[in-house]
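Encoded as structure tokens, the structure appears first; notes follow it.
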Number of protein chains: 2
Amino acid sequence: MKNRLKVLRAEHDWTQADLAEKLEVSRQTINAIEKGKYDPSLPLAFKIARLFAVNIESIFSDEA
Amino acid sequence: MKNRLKVLRAEHDWTQADLAEKLEVSRQTINAIEKGKYDPSLPLAFKIARLFAVNIESIFSDEA
DNA sequence: ACCTAAAGTAAAACACACTTTACATTAAGA
DNA sequence: TCTTAATGTAAAGTGTGTTTTACTTTAGGT
């Protein structure tokens, strides 16, 4: 799964730590997701989408 | 997280086993998700949404 | 060149997602 | 009522998601 987290974060001028705090997860979790180390859980994906006010499919995509 | 899997499955007249096969997961996984025992991974949520040709948010909702 | 914020990374620990096997319960048709 | 398909459930095992702690690397400002 690919994701646009880094771009969305840049658009808002947030650091990984900023985003982590808003999402109530650790900074390492954000880093790992951005680096494609693993995918977020579904609840976290929802939280991310809600924060950026977009739908999940516009952040995450099923491709390699 | 709530989900409409059971309803969607009923609309298509599929058993849990049918759906499991189409999604390439075990029947127990479908049962557990329907019963709210746990949420699917994000990749599985995508697969489910793709199968039913709807977006993730119309199947899963963030409520209690 | 130095300092600092931000990002990257890694290991250990814990919780959750998913599998297989196996058995119990429910529901509905004959 | 008997059978059988469908659903529910449980235990043990594996892999993934997330945390904490801690250290390294990168990049920008001065």
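Please note that chains go A, B, ... in the order of the structure tokens, that every chain numbers its residues from 1, and that ligands are numbered from 1 in the order shown.
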DG28 in chain D environment, 10 Å, only C-alpha atoms (C1' of nucleotides), sequence neighbours closer than 2 positions dropped, as a JSON list (two decimals) with all heavy atoms, in the first residue's frame:
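Generated file (around.json):
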```json
[["chain", "number", "residue", "atom", "x", "y", "z"],
["C", 4, "DT", "P", 22.44, 24.04, 20.94],
["C", 4, "DT", "OP1", 21.98, 25.04, 21.91],
["C", 4, "DT", "OP2", 23.13, 22.80, 21.38],
["C", 4, "DT", "O5'", 21.18, 23.63, 20.04],
["C", 4, "DT", "C5'", 20.55, 24.65, 19.27],
["C", 4, "DT", "C4'", 19.59, 24.01, 18.27],
["C", 4, "DT", "O4'", 20.34, 23.40, 17.20],
["C", 4, "DT", "C3'", 18.72, 22.91, 18.87],
["C", 4, "DT", "O3'", 17.37, 23.32, 18.72],
["C", 4, "DT", "C2'", 19.06, 21.66, 18.06],
["C", 4, "DT", "C1'", 19.66, 22.24, 16.80],
["C", 4, "DT", "N1", 20.65, 21.37, 16.08],
["C", 4, "DT", "C2", 20.55, 21.24, 14.72],
["C", 4, "DT", "O2", 19.68, 21.77, 14.06],
["C", 4, "DT", "N3", 21.51, 20.44, 14.15],
["C", 4, "DT", "C4", 22.54, 19.78, 14.81],
["C", 4, "DT", "O4", 23.34, 19.09, 14.18],
["C", 4, "DT", "C5", 22.58, 19.96, 16.24],
["C", 4, "DT", "C7", 23.65, 19.29, 17.04],
["C", 4, "DT", "C6", 21.64, 20.74, 16.81],
["C", 5, "DA", "P", 16.15, 22.41, 19.19],
["C", 5, "DA", "OP1", 15.19, 23.27, 19.91],
["C", 5, "DA", "OP2", 16.68, 21.18, 19.80],
["C", 5, "DA", "O5'", 15.50, 22.03, 17.78],
["C", 5, "DA", "C5'", 15.07, 23.09, 16.93],
["C", 5, "DA", "C4'", 14.52, 22.49, 15.65],
["C", 5, "DA", "O4'", 15.57, 21.76, 14.99],
["C", 5, "DA", "C3'", 13.39, 21.49, 15.87],
["C", 5, "DA", "O3'", 12.51, 21.60, 14.76],
["C", 5, "DA", "C2'", 14.10, 20.14, 15.89],
["C", 5, "DA", "C1'", 15.24, 20.39, 14.90],
["C", 5, "DA", "N9", 16.45, 19.62, 15.17],
["C", 5, "DA", "C8", 17.03, 19.37, 16.37],
["C", 5, "DA", "N7", 18.14, 18.66, 16.30],
["C", 5, "DA", "C5", 18.30, 18.46, 14.94],
["C", 5, "DA", "C6", 19.29, 17.78, 14.18],
["C", 5, "DA", "N6", 20.34, 17.18, 14.73],
["C", 5, "DA", "N1", 19.14, 17.77, 12.84],
["C", 5, "DA", "C2", 18.09, 18.38, 12.30],
["C", 5, "DA", "N3", 17.10, 19.05, 12.90],
["C", 5, "DA", "C4", 17.27, 19.04, 14.24],
["D", 26, "DT", "P", 23.25, 10.68, 6.30],
["D", 26, "DT", "OP1", 23.03, 9.88, 5.09],
["D", 26, "DT", "OP2", 24.58, 11.21, 6.67],
["D", 26, "DT", "O5'", 22.22, 11.91, 6.26],
["D", 26, "DT", "C5'", 20.84, 11.63, 6.36],
["D", 26, "DT", "C4'", 20.08, 12.94, 6.38],
["D", 26, "DT", "O4'", 20.07, 13.46, 7.72],
["D", 26, "DT", "C3'", 20.67, 14.02, 5.49],
["D", 26, "DT", "O3'", 19.63, 14.47, 4.65],
["D", 26, "DT", "C2'", 21.19, 15.08, 6.48],
["D", 26, "DT", "C1'", 20.28, 14.84, 7.67],
["D", 26, "DT", "N1", 20.79, 15.21, 9.02],
["D", 26, "DT", "C2", 20.00, 15.97, 9.85],
["D", 26, "DT", "O2", 18.89, 16.38, 9.53],
["D", 26, "DT", "N3", 20.53, 16.23, 11.09],
["D", 26, "DT", "C4", 21.76, 15.82, 11.56],
["D", 26, "DT", "O4", 22.12, 16.11, 12.70],
["D", 26, "DT", "C5", 22.54, 15.03, 10.64],
["D", 26, "DT", "C7", 23.89, 14.53, 11.08],
["D", 26, "DT", "C6", 22.03, 14.76, 9.43],
["D", 30, "DT", "P", 18.62, 32.23, 11.31],
["D", 30, "DT", "OP1", 17.67, 32.62, 12.38],
["D", 30, "DT", "OP2", 18.51, 32.84, 9.97],
["D", 30, "DT", "O5'", 20.09, 32.42, 11.86],
["D", 30, "DT", "C5'", 20.43, 31.90, 13.15],
["D", 30, "DT", "C4'", 21.93, 31.99, 13.38],
["D", 30, "DT", "O4'", 22.59, 30.92, 12.66],
["D", 30, "DT", "C3'", 22.55, 33.29, 12.87],
["D", 30, "DT", "O3'", 23.10, 34.02, 13.94],
["D", 30, "DT", "C2'", 23.64, 32.87, 11.88],
["D", 30, "DT", "C1'", 23.86, 31.41, 12.24],
["D", 30, "DT", "N1", 24.28, 30.56, 11.09],
["D", 30, "DT", "C2", 25.33, 29.68, 11.25],
["D", 30, "DT", "O2", 25.92, 29.56, 12.29],
["D", 30, "DT", "N3", 25.65, 28.95, 10.13],
["D", 30, "DT", "C4", 25.04, 29.02, 8.89],
["D", 30, "DT", "O4", 25.41, 28.33, 7.96],
["D", 30, "DT", "C5", 23.95, 29.96, 8.78],
["D", 30, "DT", "C7", 23.22, 30.12, 7.49],
["D", 30, "DT", "C6", 23.62, 30.69, 9.88]]
```
Next on the checklist: With 12 Å as the limit and counting only C-alpha atoms (C1' of nucleotides), what residues in chain C lie close to chain A? Please list them as a PyMOL selection string.
Outcome noted: chain C and resi 5-10+16-17
Can those selected residues be exported to a file as a compact mmCIF listing (two decimals), in the first residue's frame so that it contains N, CA, C and O atoms (P, O5', C5', C4', C3', O3' and C1' of nucleotides)?
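Dumped to part.txt:
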```
# COMPACT_ATOMS: atom_id res chain seq x y z
P DA C 5 16.15 22.41 19.19
O5' DA C 5 15.50 22.03 17.78
C5' DA C 5 15.07 23.09 16.93
C4' DA C 5 14.52 22.49 15.65
C3' DA C 5 13.39 21.49 15.87
O3' DA C 5 12.51 21.60 14.76
C1' DA C 5 15.24 20.39 14.90
P DA C 6 11.16 20.74 14.68
O5' DA C 6 11.58 19.60 13.65
C5' DA C 6 12.01 19.97 12.35
C4' DA C 6 12.45 18.74 11.60
C3' DA C 6 11.46 17.58 11.66
O3' DA C 6 11.06 17.30 10.32
C1' DA C 6 13.68 16.86 12.15
P DA C 7 10.06 16.10 9.95
O5' DA C 7 11.07 14.89 9.67
C5' DA C 7 12.06 15.06 8.67
C4' DA C 7 13.00 13.88 8.68
C3' DA C 7 12.31 12.52 8.57
O3' DA C 7 12.85 11.86 7.43
C1' DA C 7 13.92 12.51 10.31
P DG C 8 12.33 10.42 6.99
O5' DG C 8 13.39 9.45 7.68
C5' DG C 8 14.72 9.46 7.21
C4' DG C 8 15.57 8.49 8.01
C3' DG C 8 15.00 7.06 8.05
O3' DG C 8 15.99 6.20 7.51
C1' DG C 8 15.65 7.79 10.22
P DT C 9 15.70 4.65 7.24
O5' DT C 9 16.18 3.95 8.60
C5' DT C 9 17.46 4.27 9.12
C4' DT C 9 17.65 3.56 10.46
C3' DT C 9 16.94 2.20 10.57
O3' DT C 9 17.89 1.25 10.98
C1' DT C 9 16.52 3.49 12.48
P DA C 10 17.62 -0.32 10.83
O5' DA C 10 18.47 -0.92 12.06
C5' DA C 10 18.92 -0.07 13.11
C4' DA C 10 18.66 -0.72 14.46
C3' DA C 10 17.85 -2.02 14.41
O3' DA C 10 18.36 -2.88 15.41
C1' DA C 10 16.74 -0.48 15.76
P DC C 16 -5.56 -5.21 21.96
O5' DC C 16 -5.52 -5.48 20.39
C5' DC C 16 -5.03 -4.46 19.53
C4' DC C 16 -4.75 -5.05 18.17
C3' DC C 16 -5.93 -5.82 17.58
O3' DC C 16 -5.98 -5.46 16.21
C1' DC C 16 -4.02 -7.16 17.56
P DA C 17 -7.26 -5.73 15.29
O5' DA C 17 -6.62 -6.71 14.21
C5' DA C 17 -5.69 -6.19 13.28
C4' DA C 17 -5.23 -7.31 12.35
C3' DA C 17 -6.35 -8.07 11.66
O3' DA C 17 -5.90 -8.31 10.34
C1' DA C 17 -5.00 -9.58 12.86
```
Next on the checklist: Based on only C-alpha atoms (C1' of nucleotides), which of the residues in chain A come within 12 Å of chain D? I want them as number ranges by chain.
Outcome noted: A: 24-33, 37-44
Next on the checklist: Neighbouring residues of Met1 in chain B were defined as those with any atom within 7 Å, considering only C-alpha atoms (C1' of nucleotides); residues of the same chain fewer than 3 positions away were excluded. Please report them as a VMD selection string.
Outcome noted: chain B and resid 60 to 64
Next on the checklist: From a backbone DSSP assignment, name each residue in chain B labelled helix (DSSP H, G or I), as a ChimeraX atom specification.
Outcome noted: /B:5-11,16-23,27-34,42-52,56-58
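Using only C-alpha atoms for every distance, the candidate list B:Leu8, B:Phe52, B:Lys22, B:Lys2 yields B:Lys2 as the residue closest to chain A.
Counting only C-alpha atoms, the residue from A:Glu34, A:Asp18, A:Ala10, A:Asn3 that sits nearest to chain B is A:Asn3.
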